[in-house]
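*Asks:* So here's upload01.cif, just mmCIF, N, CA and C atoms:
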```
data_model
#
loop_
_atom_site.label_atom_id
_atom_site.label_comp_id
_atom_site.auth_asym_id
_atom_site.auth_seq_id
_atom_site.Cartn_x
_atom_site.Cartn_y
_atom_site.Cartn_z
N MET A 1 8.20 3.61 19.07
CA MET A 1 7.82 2.99 17.82
C MET A 1 6.91 3.96 17.06
N ASN A 2 7.30 4.30 15.85
CA ASN A 2 6.50 5.16 14.99
C ASN A 2 5.52 4.31 14.17
N THR A 3 4.53 4.97 13.63
CA THR A 3 3.52 4.29 12.82
C THR A 3 3.99 4.16 11.38
N ILE A 4 3.69 3.02 10.78
CA ILE A 4 3.83 2.84 9.33
C ILE A 4 2.43 3.03 8.76
N THR A 5 2.27 4.07 7.96
CA THR A 5 1.00 4.29 7.28
C THR A 5 1.11 3.63 5.91
N ILE A 6 0.22 2.72 5.62
CA ILE A 6 0.22 2.00 4.35
C ILE A 6 -0.91 2.56 3.50
N ILE A 7 -0.54 3.05 2.32
CA ILE A 7 -1.54 3.67 1.44
C ILE A 7 -1.60 2.93 0.12
N GLY A 8 -2.80 2.55 -0.27
CA GLY A 8 -3.02 1.95 -1.58
C GLY A 8 -3.16 3.03 -2.63
N LEU A 9 -2.46 2.87 -3.73
CA LEU A 9 -2.48 3.86 -4.80
C LEU A 9 -3.56 3.61 -5.85
N GLY A 10 -4.35 2.57 -5.65
CA GLY A 10 -5.35 2.24 -6.65
C GLY A 10 -4.72 1.58 -7.86
N ALA A 11 -5.49 1.50 -8.92
CA ALA A 11 -5.05 0.78 -10.11
C ALA A 11 -4.47 1.68 -11.19
N GLY A 12 -4.43 2.98 -10.94
CA GLY A 12 -3.97 3.87 -12.01
C GLY A 12 -3.41 5.17 -11.50
N ASP A 13 -3.88 6.26 -12.08
CA ASP A 13 -3.32 7.57 -11.79
C ASP A 13 -3.88 8.17 -10.50
N LEU A 14 -3.40 9.36 -10.17
CA LEU A 14 -3.79 10.04 -8.93
C LEU A 14 -5.28 10.34 -8.84
N ASP A 15 -5.96 10.42 -9.96
CA ASP A 15 -7.39 10.71 -9.94
C ASP A 15 -8.19 9.67 -9.18
N GLN A 16 -7.63 8.49 -8.98
CA GLN A 16 -8.33 7.43 -8.26
C GLN A 16 -8.24 7.59 -6.75
N LEU A 17 -7.35 8.45 -6.27
CA LEU A 17 -7.20 8.64 -4.83
C LEU A 17 -8.30 9.55 -4.30
N THR A 18 -8.70 9.30 -3.07
CA THR A 18 -9.60 10.24 -2.42
C THR A 18 -8.81 11.49 -2.08
N ILE A 19 -9.49 12.58 -1.84
CA ILE A 19 -8.81 13.82 -1.46
C ILE A 19 -8.05 13.62 -0.16
N GLY A 20 -8.65 12.91 0.77
CA GLY A 20 -8.00 12.66 2.05
C GLY A 20 -6.71 11.86 1.90
N THR A 21 -6.75 10.84 1.05
CA THR A 21 -5.56 10.02 0.81
C THR A 21 -4.49 10.86 0.13
N TYR A 22 -4.88 11.65 -0.83
CA TYR A 22 -3.94 12.52 -1.54
C TYR A 22 -3.27 13.50 -0.56
N ARG A 23 -4.06 14.10 0.29
CA ARG A 23 -3.51 15.05 1.27
C ARG A 23 -2.54 14.36 2.22
N LYS A 24 -2.89 13.16 2.63
CA LYS A 24 -2.02 12.39 3.53
C LYS A 24 -0.67 12.11 2.85
N LEU A 25 -0.70 11.78 1.58
CA LEU A 25 0.54 11.55 0.83
C LEU A 25 1.37 12.82 0.70
N LYS A 26 0.71 13.91 0.38
CA LYS A 26 1.42 15.18 0.20
C LYS A 26 2.05 15.67 1.51
N ALA A 27 1.43 15.35 2.64
CA ALA A 27 1.91 15.81 3.94
C ALA A 27 2.91 14.84 4.59
N ALA A 28 3.08 13.67 4.00
CA ALA A 28 3.93 12.64 4.62
C ALA A 28 5.38 13.10 4.72
N GLU A 29 5.98 12.76 5.84
CA GLU A 29 7.37 13.12 6.11
C GLU A 29 8.33 12.25 5.29
N TYR A 30 8.01 10.97 5.14
CA TYR A 30 8.88 10.05 4.42
C TYR A 30 8.01 9.04 3.69
N VAL A 31 8.18 8.93 2.37
CA VAL A 31 7.37 8.02 1.56
C VAL A 31 8.28 7.03 0.85
N ILE A 32 7.92 5.76 0.93
CA ILE A 32 8.64 4.73 0.19
C ILE A 32 7.62 3.82 -0.48
N ALA A 33 7.88 3.48 -1.73
CA ALA A 33 6.96 2.65 -2.52
C ALA A 33 7.49 1.22 -2.59
N ARG A 34 6.56 0.27 -2.62
CA ARG A 34 6.99 -1.11 -2.84
C ARG A 34 7.67 -1.20 -4.20
N THR A 35 7.13 -0.46 -5.18
CA THR A 35 7.72 -0.43 -6.51
C THR A 35 7.48 0.93 -7.16
N ASP A 36 8.43 1.31 -8.00
CA ASP A 36 8.28 2.53 -8.81
C ASP A 36 7.30 2.31 -9.96
N GLN A 37 7.00 1.08 -10.26
CA GLN A 37 6.23 0.73 -11.44
C GLN A 37 4.74 0.96 -11.24
N HIS A 38 4.37 2.21 -11.00
CA HIS A 38 2.97 2.59 -10.83
C HIS A 38 2.82 4.03 -11.29
N PRO A 39 1.80 4.32 -12.10
CA PRO A 39 1.65 5.68 -12.63
C PRO A 39 1.53 6.76 -11.55
N ALA A 40 0.92 6.45 -10.43
CA ALA A 40 0.74 7.46 -9.38
C ALA A 40 2.07 7.86 -8.75
N VAL A 41 3.04 6.96 -8.72
CA VAL A 41 4.35 7.29 -8.16
C VAL A 41 5.01 8.38 -9.00
N ALA A 42 4.99 8.21 -10.30
CA ALA A 42 5.57 9.23 -11.19
C ALA A 42 4.84 10.56 -11.06
N GLU A 43 3.51 10.51 -10.96
CA GLU A 43 2.74 11.74 -10.82
C GLU A 43 3.05 12.46 -9.51
N LEU A 44 3.14 11.70 -8.42
CA LEU A 44 3.46 12.31 -7.14
C LEU A 44 4.84 12.96 -7.16
N ARG A 45 5.79 12.28 -7.79
CA ARG A 45 7.14 12.85 -7.91
C ARG A 45 7.11 14.14 -8.71
N SER A 46 6.31 14.16 -9.77
CA SER A 46 6.23 15.38 -10.59
C SER A 46 5.61 16.54 -9.82
N GLU A 47 4.88 16.22 -8.75
CA GLU A 47 4.29 17.25 -7.89
C GLU A 47 5.19 17.59 -6.71
N GLY A 48 6.40 17.04 -6.71
CA GLY A 48 7.36 17.39 -5.67
C GLY A 48 7.43 16.46 -4.47
N VAL A 49 6.67 15.36 -4.49
CA VAL A 49 6.74 14.40 -3.39
C VAL A 49 7.97 13.53 -3.59
N GLU A 50 8.83 13.49 -2.59
CA GLU A 50 10.01 12.63 -2.67
C GLU A 50 9.62 11.21 -2.29
N ILE A 51 9.89 10.28 -3.18
CA ILE A 51 9.52 8.88 -2.96
C ILE A 51 10.71 7.99 -3.29
N GLU A 52 11.07 7.16 -2.32
CA GLU A 52 12.06 6.11 -2.57
C GLU A 52 11.28 4.85 -2.90
N SER A 53 12.00 3.80 -3.32
CA SER A 53 11.30 2.54 -3.60
C SER A 53 12.16 1.34 -3.21
N PHE A 54 11.51 0.21 -3.16
CA PHE A 54 12.16 -1.06 -2.86
C PHE A 54 12.49 -1.85 -4.12
N ASP A 55 12.50 -1.22 -5.28
CA ASP A 55 12.77 -1.95 -6.52
C ASP A 55 14.09 -2.71 -6.48
N ALA A 56 15.10 -2.15 -5.85
CA ALA A 56 16.41 -2.81 -5.78
C ALA A 56 16.33 -4.14 -5.04
N VAL A 57 15.41 -4.25 -4.09
CA VAL A 57 15.26 -5.50 -3.33
C VAL A 57 14.81 -6.63 -4.26
N TYR A 58 14.00 -6.31 -5.25
CA TYR A 58 13.56 -7.32 -6.22
C TYR A 58 14.75 -7.82 -7.03
N VAL A 59 15.65 -6.92 -7.40
CA VAL A 59 16.81 -7.27 -8.21
C VAL A 59 17.79 -8.13 -7.42
N GLU A 60 17.92 -7.85 -6.12
CA GLU A 60 18.89 -8.53 -5.26
C GLU A 60 18.45 -9.92 -4.83
N ASN A 61 17.18 -10.25 -4.97
CA ASN A 61 16.65 -11.54 -4.50
C ASN A 61 16.03 -12.32 -5.64
N ASP A 62 16.13 -13.64 -5.54
CA ASP A 62 15.56 -14.47 -6.60
C ASP A 62 14.26 -15.15 -6.21
N GLU A 63 13.79 -14.90 -4.99
CA GLU A 63 12.52 -15.47 -4.55
C GLU A 63 11.64 -14.37 -3.98
N PHE A 64 10.38 -14.35 -4.39
CA PHE A 64 9.47 -13.30 -3.95
C PHE A 64 9.31 -13.28 -2.42
N GLU A 65 9.22 -14.44 -1.80
CA GLU A 65 9.02 -14.45 -0.34
C GLU A 65 10.19 -13.76 0.36
N ARG A 66 11.39 -13.96 -0.13
CA ARG A 66 12.56 -13.26 0.45
C ARG A 66 12.45 -11.76 0.25
N VAL A 67 11.97 -11.36 -0.93
CA VAL A 67 11.77 -9.93 -1.22
C VAL A 67 10.82 -9.33 -0.19
N TYR A 68 9.69 -9.98 0.02
CA TYR A 68 8.67 -9.45 0.91
C TYR A 68 9.14 -9.43 2.36
N GLU A 69 9.87 -10.46 2.77
CA GLU A 69 10.41 -10.50 4.12
C GLU A 69 11.44 -9.39 4.33
N GLU A 70 12.28 -9.14 3.34
CA GLU A 70 13.28 -8.08 3.45
C GLU A 70 12.63 -6.69 3.49
N ILE A 71 11.64 -6.49 2.63
CA ILE A 71 10.92 -5.21 2.64
C ILE A 71 10.28 -4.98 4.01
N THR A 72 9.65 -6.01 4.55
CA THR A 72 9.00 -5.91 5.85
C THR A 72 10.01 -5.55 6.94
N ALA A 73 11.14 -6.24 6.95
CA ALA A 73 12.18 -5.96 7.95
C ALA A 73 12.71 -4.53 7.82
N LYS A 74 12.91 -4.09 6.60
CA LYS A 74 13.41 -2.73 6.38
C LYS A 74 12.39 -1.68 6.84
N LEU A 75 11.13 -1.91 6.56
CA LEU A 75 10.09 -0.98 6.99
C LEU A 75 10.04 -0.87 8.51
N ILE A 76 10.13 -2.00 9.18
CA ILE A 76 10.10 -2.00 10.64
C ILE A 76 11.32 -1.24 11.19
N ALA A 77 12.48 -1.47 10.60
CA ALA A 77 13.69 -0.75 11.04
C ALA A 77 13.54 0.75 10.80
N MET A 78 12.99 1.14 9.66
CA MET A 78 12.76 2.56 9.37
C MET A 78 11.83 3.19 10.39
N ALA A 79 10.78 2.44 10.76
CA ALA A 79 9.78 2.97 11.69
C ALA A 79 10.35 3.16 13.10
N GLU A 80 11.46 2.55 13.39
CA GLU A 80 12.12 2.78 14.68
C GLU A 80 12.71 4.19 14.73
N GLU A 81 13.02 4.74 13.55
CA GLU A 81 13.65 6.06 13.45
C GLU A 81 12.65 7.19 13.20
N ARG A 82 11.60 6.91 12.42
CA ARG A 82 10.66 7.96 12.05
C ARG A 82 9.36 7.35 11.52
N ALA A 83 8.36 8.20 11.37
CA ALA A 83 7.10 7.76 10.76
C ALA A 83 7.36 7.47 9.29
N VAL A 84 6.75 6.41 8.79
CA VAL A 84 6.96 5.97 7.41
C VAL A 84 5.61 5.85 6.72
N THR A 85 5.55 6.34 5.49
CA THR A 85 4.39 6.12 4.64
C THR A 85 4.82 5.17 3.54
N TYR A 86 4.20 4.01 3.49
CA TYR A 86 4.53 2.94 2.55
C TYR A 86 3.40 2.84 1.54
N VAL A 87 3.71 3.06 0.25
CA VAL A 87 2.67 3.02 -0.77
C VAL A 87 2.78 1.74 -1.60
N VAL A 88 1.62 1.19 -1.90
CA VAL A 88 1.54 -0.05 -2.66
C VAL A 88 0.51 0.09 -3.78
N PRO A 89 0.67 -0.66 -4.87
CA PRO A 89 -0.33 -0.63 -5.93
C PRO A 89 -1.67 -1.19 -5.41
N GLY A 90 -2.75 -0.76 -6.01
CA GLY A 90 -4.06 -1.30 -5.66
C GLY A 90 -4.49 -0.93 -4.26
N HIS A 91 -5.11 -1.88 -3.57
CA HIS A 91 -5.54 -1.70 -2.18
C HIS A 91 -4.60 -2.49 -1.28
N PRO A 92 -4.19 -1.93 -0.14
CA PRO A 92 -3.23 -2.62 0.72
C PRO A 92 -3.69 -4.00 1.21
N LEU A 93 -4.98 -4.22 1.29
CA LEU A 93 -5.47 -5.49 1.83
C LEU A 93 -5.81 -6.51 0.75
N VAL A 94 -5.45 -6.21 -0.49
CA VAL A 94 -5.73 -7.15 -1.57
C VAL A 94 -4.41 -7.59 -2.21
N ALA A 95 -4.05 -8.85 -1.98
CA ALA A 95 -2.89 -9.49 -2.62
C ALA A 95 -1.58 -8.74 -2.38
N GLU A 96 -1.40 -8.22 -1.20
CA GLU A 96 -0.16 -7.53 -0.83
C GLU A 96 0.52 -8.30 0.29
N ARG A 97 1.49 -9.14 -0.06
CA ARG A 97 2.16 -9.99 0.92
C ARG A 97 2.89 -9.17 1.99
N THR A 98 3.53 -8.07 1.61
CA THR A 98 4.23 -7.27 2.61
C THR A 98 3.26 -6.74 3.66
N VAL A 99 2.07 -6.37 3.23
CA VAL A 99 1.08 -5.87 4.18
C VAL A 99 0.64 -6.99 5.11
N GLN A 100 0.47 -8.19 4.58
CA GLN A 100 0.11 -9.33 5.43
C GLN A 100 1.19 -9.56 6.49
N LEU A 101 2.44 -9.50 6.07
CA LEU A 101 3.54 -9.70 7.01
C LEU A 101 3.57 -8.59 8.07
N LEU A 102 3.33 -7.36 7.65
CA LEU A 102 3.30 -6.25 8.60
C LEU A 102 2.16 -6.40 9.60
N ILE A 103 1.01 -6.86 9.13
CA ILE A 103 -0.13 -7.08 10.03
C ILE A 103 0.23 -8.14 11.07
N GLU A 104 0.92 -9.19 10.65
CA GLU A 104 1.37 -10.22 11.60
C GLU A 104 2.29 -9.60 12.65
N LYS A 105 3.20 -8.73 12.23
CA LYS A 105 4.12 -8.06 13.15
C LYS A 105 3.37 -7.11 14.09
N GLU A 106 2.32 -6.49 13.58
CA GLU A 106 1.50 -5.62 14.43
C GLU A 106 0.82 -6.44 15.52
N ARG A 107 0.32 -7.60 15.18
CA ARG A 107 -0.33 -8.48 16.16
C ARG A 107 0.64 -8.93 17.24
N GLU A 108 1.93 -9.01 16.88
CA GLU A 108 2.97 -9.38 17.84
C GLU A 108 3.45 -8.18 18.65
N GLY A 109 2.92 -7.00 18.35
CA GLY A 109 3.31 -5.80 19.07
C GLY A 109 4.62 -5.19 18.61
N ILE A 110 5.10 -5.59 17.44
CA ILE A 110 6.39 -5.13 16.93
C ILE A 110 6.28 -3.82 16.17
N VAL A 111 5.13 -3.56 15.58
CA VAL A 111 4.95 -2.38 14.74
C VAL A 111 3.52 -1.86 14.91
N ARG A 112 3.34 -0.58 14.60
CA ARG A 112 2.01 0.03 14.64
C ARG A 112 1.66 0.45 13.22
N LEU A 113 0.46 0.11 12.76
CA LEU A 113 0.05 0.37 11.38
C LEU A 113 -1.19 1.25 11.29
N GLU A 114 -1.26 2.00 10.21
CA GLU A 114 -2.48 2.66 9.78
C GLU A 114 -2.63 2.27 8.31
N ILE A 115 -3.77 1.73 7.93
CA ILE A 115 -3.97 1.26 6.57
C ILE A 115 -5.04 2.11 5.89
N VAL A 116 -4.67 2.65 4.72
CA VAL A 116 -5.55 3.56 3.99
C VAL A 116 -5.70 3.05 2.56
N GLY A 117 -6.92 2.78 2.13
CA GLY A 117 -7.16 2.37 0.75
C GLY A 117 -7.29 3.58 -0.16
N ALA A 118 -7.08 3.38 -1.44
CA ALA A 118 -7.20 4.48 -2.41
C ALA A 118 -8.65 4.88 -2.59
N THR A 119 -9.47 3.95 -2.99
CA THR A 119 -10.89 4.18 -3.22
C THR A 119 -11.61 2.87 -2.97
N ALA A 120 -12.90 2.91 -3.17
CA ALA A 120 -13.67 1.67 -3.08
C ALA A 120 -13.46 0.91 -4.39
N SER A 121 -12.30 0.29 -4.51
CA SER A 121 -11.94 -0.36 -5.76
C SER A 121 -12.87 -1.51 -6.13
N SER A 122 -13.51 -2.10 -5.13
CA SER A 122 -14.45 -3.18 -5.46
C SER A 122 -15.62 -2.66 -6.28
N ILE A 123 -16.03 -1.43 -6.03
CA ILE A 123 -17.13 -0.83 -6.80
C ILE A 123 -16.70 -0.68 -8.26
N ARG A 124 -15.50 -0.18 -8.47
CA ARG A 124 -14.99 -0.01 -9.83
C ARG A 124 -14.84 -1.38 -10.51
N PHE A 125 -14.40 -2.38 -9.74
CA PHE A 125 -14.27 -3.73 -10.28
C PHE A 125 -15.63 -4.25 -10.74
N LEU A 126 -16.63 -4.09 -9.89
CA LEU A 126 -17.96 -4.56 -10.25
C LEU A 126 -18.50 -3.84 -11.48
N ARG A 127 -18.26 -2.56 -11.54
CA ARG A 127 -18.71 -1.78 -12.70
C ARG A 127 -18.00 -2.24 -13.95
N HIS A 128 -16.70 -2.45 -13.85
CA HIS A 128 -15.91 -2.88 -15.00
C HIS A 128 -16.41 -4.25 -15.50
N CYS A 129 -16.70 -5.12 -14.59
CA CYS A 129 -17.15 -6.47 -14.97
C CYS A 129 -18.65 -6.53 -15.24
N GLU A 130 -19.32 -5.41 -15.00
CA GLU A 130 -20.77 -5.32 -15.15
C GLU A 130 -21.50 -6.40 -14.35
N LEU A 131 -20.99 -6.61 -13.14
CA LEU A 131 -21.64 -7.56 -12.23
C LEU A 131 -22.60 -6.80 -11.34
N ILE A 132 -23.73 -7.39 -11.09
CA ILE A 132 -24.63 -6.81 -10.11
C ILE A 132 -25.02 -7.89 -9.12
N GLN A 133 -25.20 -7.49 -7.89
CA GLN A 133 -25.38 -8.44 -6.81
C GLN A 133 -26.55 -9.39 -7.05
N SER A 134 -27.62 -8.92 -7.63
CA SER A 134 -28.79 -9.77 -7.80
C SER A 134 -28.61 -10.85 -8.85
N LYS A 135 -27.52 -10.82 -9.60
CA LYS A 135 -27.31 -11.84 -10.63
C LYS A 135 -26.22 -12.84 -10.24
N GLY A 136 -26.15 -13.18 -8.95
CA GLY A 136 -25.28 -14.26 -8.54
C GLY A 136 -23.98 -13.85 -7.90
N PHE A 137 -23.70 -12.59 -7.78
CA PHE A 137 -22.48 -12.17 -7.11
C PHE A 137 -22.81 -11.76 -5.68
N SER A 138 -22.06 -12.27 -4.74
CA SER A 138 -22.21 -11.80 -3.36
C SER A 138 -20.85 -11.54 -2.77
N CYS A 139 -20.81 -10.57 -1.92
CA CYS A 139 -19.55 -10.16 -1.29
C CYS A 139 -19.68 -10.37 0.20
N TRP A 140 -18.75 -11.10 0.80
CA TRP A 140 -18.78 -11.36 2.22
C TRP A 140 -17.63 -10.65 2.89
N THR A 141 -17.87 -10.07 4.02
CA THR A 141 -16.80 -9.46 4.79
C THR A 141 -16.79 -10.06 6.17
N ALA A 142 -15.64 -10.03 6.79
CA ALA A 142 -15.52 -10.57 8.14
C ALA A 142 -14.55 -9.72 8.95
N ARG A 143 -14.80 -9.64 10.22
CA ARG A 143 -13.87 -8.95 11.12
C ARG A 143 -13.17 -10.01 11.96
N ILE A 144 -11.89 -9.82 12.09
CA ILE A 144 -11.11 -10.79 12.89
C ILE A 144 -10.81 -10.19 14.23
#
```
Show me the file's structure as structure tokens.
*Replies:*
Amino acid sequence: MNTITIIGLGAGDLDQLTIGTYRKLKAAEYVIARTDQHPAVAELRSEGVEIESFDAVYVENDEFERVYEEITAKLIAMAEERAVTYVVPGHPLVAERTVQLLIEKEREGIVRLEIVGATASSIRFLRHCELIQSKGFSCWTARI
């Protein structure tokens, strides 16, 4: 069983990626995106990174849950053959159903994952919203 490395592309262009994340993408043997509809995908392609996508799965299915289940199954099948780098918009652990499904499969021992975020997007979010912790915002984290 090969590892599926899941990388969050952040909310915009490649400038939002850490150097480490960028290097990991450039060195990846096989990259597939949940969707082509992200500025970083186009930028990576222009730099010579070959990236496939799951956009056709959205067209073939009329329910999002089916889309996510099919993407998950395809990723697991791909990982049986080789290491896979799966890129998603934003952060992999925020509102990414395919990542949730993959984590469930990892807990069952079906797949091995490495999850890499683009940046500390919560910091950018707080800055954008001009929220500061002392004025009523608190952030809780938990380990499972």
*Asks:* So what does the PyMOL selection byres ((chain A and resi 79-89) around 7) actually pick up in this one, as a list of chain:residue names?
*Replies:*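 Selected by the PyMOL selection byres ((chain A and resi 79-89) around 7) in this file: A:Met1, A:Asn2, A:Thr3, A:Ile4, A:Thr5, A:Ile6, A:Ile7, A:Gly8, A:Leu9, A:Gly10, A:Ala11, A:Ala28, A:Glu29, A:Tyr30, A:Val31, A:Ile32, A:Ala33, A:Arg34, A:Thr35, A:His38, A:Lys74, A:Leu75, A:Ile76, A:Ala77, A:Met78, A:Gly90, A:His91, A:Pro92.
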*Asks:* I need the residue set behind the PyMOL selection byres (((chain A and resi 42 and name CA) around 12) and name CA) for this file; please write it as a PyMOL selection string.
*Replies:* chain A and resi 9+12-14+33+35-41+43-53
*Asks:* With N, CA and C atoms retained, could you export that selection as a PDB file, keeping the file's coordinate frame?
*Replies:*
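out_7.pdb, written as the output of this step:
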```pdb
ATOM      1  N   LEU A   9      -2.460   2.870  -3.730  1.00  0.00           N
ATOM      2  CA  LEU A   9      -2.480   3.860  -4.800  1.00  0.00           C
ATOM      3  C   LEU A   9      -3.560   3.610  -5.850  1.00  0.00           C
ATOM      4  N   GLY A  12      -4.430   2.980 -10.940  1.00  0.00           N
ATOM      5  CA  GLY A  12      -3.970   3.870 -12.010  1.00  0.00           C
ATOM      6  C   GLY A  12      -3.410   5.170 -11.500  1.00  0.00           C
ATOM      7  N   ASP A  13      -3.880   6.260 -12.080  1.00  0.00           N
ATOM      8  CA  ASP A  13      -3.320   7.570 -11.790  1.00  0.00           C
ATOM      9  C   ASP A  13      -3.880   8.170 -10.500  1.00  0.00           C
ATOM     10  N   LEU A  14      -3.400   9.360 -10.170  1.00  0.00           N
ATOM     11  CA  LEU A  14      -3.790  10.040  -8.930  1.00  0.00           C
ATOM     12  C   LEU A  14      -5.280  10.340  -8.840  1.00  0.00           C
ATOM     13  N   ALA A  33       7.880   3.480  -1.730  1.00  0.00           N
ATOM     14  CA  ALA A  33       6.960   2.650  -2.520  1.00  0.00           C
ATOM     15  C   ALA A  33       7.490   1.220  -2.590  1.00  0.00           C
ATOM     16  N   THR A  35       7.130  -0.460  -5.180  1.00  0.00           N
ATOM     17  CA  THR A  35       7.720  -0.430  -6.510  1.00  0.00           C
ATOM     18  C   THR A  35       7.480   0.930  -7.160  1.00  0.00           C
ATOM     19  N   ASP A  36       8.430   1.310  -8.000  1.00  0.00           N
ATOM     20  CA  ASP A  36       8.280   2.530  -8.810  1.00  0.00           C
ATOM     21  C   ASP A  36       7.300   2.310  -9.960  1.00  0.00           C
ATOM     22  N   GLN A  37       7.000   1.080 -10.260  1.00  0.00           N
ATOM     23  CA  GLN A  37       6.230   0.730 -11.440  1.00  0.00           C
ATOM     24  C   GLN A  37       4.740   0.960 -11.240  1.00  0.00           C
ATOM     25  N   HIS A  38       4.370   2.210 -11.000  1.00  0.00           N
ATOM     26  CA  HIS A  38       2.970   2.590 -10.830  1.00  0.00           C
ATOM     27  C   HIS A  38       2.820   4.030 -11.290  1.00  0.00           C
ATOM     28  N   PRO A  39       1.800   4.320 -12.100  1.00  0.00           N
ATOM     29  CA  PRO A  39       1.650   5.680 -12.630  1.00  0.00           C
ATOM     30  C   PRO A  39       1.530   6.760 -11.550  1.00  0.00           C
ATOM     31  N   ALA A  40       0.920   6.450 -10.430  1.00  0.00           N
ATOM     32  CA  ALA A  40       0.740   7.460  -9.380  1.00  0.00           C
ATOM     33  C   ALA A  40       2.070   7.860  -8.750  1.00  0.00           C
ATOM     34  N   VAL A  41       3.040   6.960  -8.720  1.00  0.00           N
ATOM     35  CA  VAL A  41       4.350   7.290  -8.160  1.00  0.00           C
ATOM     36  C   VAL A  41       5.010   8.380  -9.000  1.00  0.00           C
ATOM     37  N   GLU A  43       3.510  10.510 -10.960  1.00  0.00           N
ATOM     38  CA  GLU A  43       2.740  11.740 -10.820  1.00  0.00           C
ATOM     39  C   GLU A  43       3.050  12.460  -9.510  1.00  0.00           C
ATOM     40  N   LEU A  44       3.140  11.700  -8.420  1.00  0.00           N
ATOM     41  CA  LEU A  44       3.460  12.310  -7.140  1.00  0.00           C
ATOM     42  C   LEU A  44       4.840  12.960  -7.160  1.00  0.00           C
ATOM     43  N   ARG A  45       5.790  12.280  -7.790  1.00  0.00           N
ATOM     44  CA  ARG A  45       7.140  12.850  -7.910  1.00  0.00           C
ATOM     45  C   ARG A  45       7.110  14.140  -8.710  1.00  0.00           C
ATOM     46  N   SER A  46       6.310  14.160  -9.770  1.00  0.00           N
ATOM     47  CA  SER A  46       6.230  15.380 -10.590  1.00  0.00           C
ATOM     48  C   SER A  46       5.610  16.540  -9.820  1.00  0.00           C
ATOM     49  N   GLU A  47       4.880  16.220  -8.750  1.00  0.00           N
ATOM     50  CA  GLU A  47       4.290  17.250  -7.890  1.00  0.00           C
ATOM     51  C   GLU A  47       5.190  17.590  -6.710  1.00  0.00           C
ATOM     52  N   GLY A  48       6.400  17.040  -6.710  1.00  0.00           N
ATOM     53  CA  GLY A  48       7.360  17.390  -5.670  1.00  0.00           C
ATOM     54  C   GLY A  48       7.430  16.460  -4.470  1.00  0.00           C
ATOM     55  N   VAL A  49       6.670  15.360  -4.490  1.00  0.00           N
ATOM     56  CA  VAL A  49       6.740  14.400  -3.390  1.00  0.00           C
ATOM     57  C   VAL A  49       7.970  13.530  -3.590  1.00  0.00           C
ATOM     58  N   GLU A  50       8.830  13.490  -2.590  1.00  0.00           N
ATOM     59  CA  GLU A  50      10.010  12.630  -2.670  1.00  0.00           C
ATOM     60  C   GLU A  50       9.620  11.210  -2.290  1.00  0.00           C
ATOM     61  N   ILE A  51       9.890  10.280  -3.180  1.00  0.00           N
ATOM     62  CA  ILE A  51       9.520   8.880  -2.960  1.00  0.00           C
ATOM     63  C   ILE A  51      10.710   7.990  -3.290  1.00  0.00           C
ATOM     64  N   GLU A  52      11.070   7.160  -2.320  1.00  0.00           N
ATOM     65  CA  GLU A  52      12.060   6.110  -2.570  1.00  0.00           C
ATOM     66  C   GLU A  52      11.280   4.850  -2.900  1.00  0.00           C
ATOM     67  N   SER A  53      12.000   3.800  -3.320  1.00  0.00           N
ATOM     68  CA  SER A  53      11.300   2.540  -3.600  1.00  0.00           C
ATOM     69  C   SER A  53      12.160   1.340  -3.210  1.00  0.00           C
TER      70      SER A  53
END
```
*Asks:* Among chain A, which residues carry a DSSP assignment of strand (DSSP E or B), reported as a list in words?
*Replies:*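 Residues meeting the strand (DSSP E or B) criterion: Thr3, Ile4, Thr5, Ile6, Ile7, Gly8, Gly10, Val31, Ile32, Ala33, Ile51, Glu52, Ser53, Val84, Thr85, Tyr86, Val87, Val88, Gly90, Arg112, Leu113, Glu114, Ile115 and Val116 of chain A.
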*Asks:* Go ahead and compute the interatomic distance for atom N of Thr72 of chain A and atom C of Gln16 of chain A, in Å to one decimal.
*Replies:*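 Calculated distance between atom N of Thr72 of chain A and atom C of Gln16 of chain A is 25.2 Å.
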*Asks:* Report, in Å with one decimal, the straight-line distance from atom CA of Tyr22 of chain A to atom N of Val99 of chain A.
*Replies:*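 According to the coordinates, atom CA of Tyr22 of chain A and atom N of Val99 of chain A are separated by 20.4 Å.
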*Asks:* From the list A:Leu17, A:Leu25, A:Leu101, A:Ile110, which residue is nearest Arg66 of chain A when using only C-alpha atoms?
*Replies:*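 Once distances to Arg66 of chain A are computed over only C-alpha atoms, the minimum belongs to A:Leu101.
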*Asks:* Which residue is closest to Thr21 of chain A? Choose from A:Val111, A:Ala73, A:Val116, A:Val94 and count only C-alpha atoms.
*Replies:*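 Using only C-alpha atoms, Thr21 of chain A sits closest to A:Val116.
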*Asks:* One decimal, Å: what's the distance from atom C of Ile103 of chain A over to atom N of Asp15 of chain A, could you say?
*Replies:*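 Between these atoms lies a distance of 28.7 Å.
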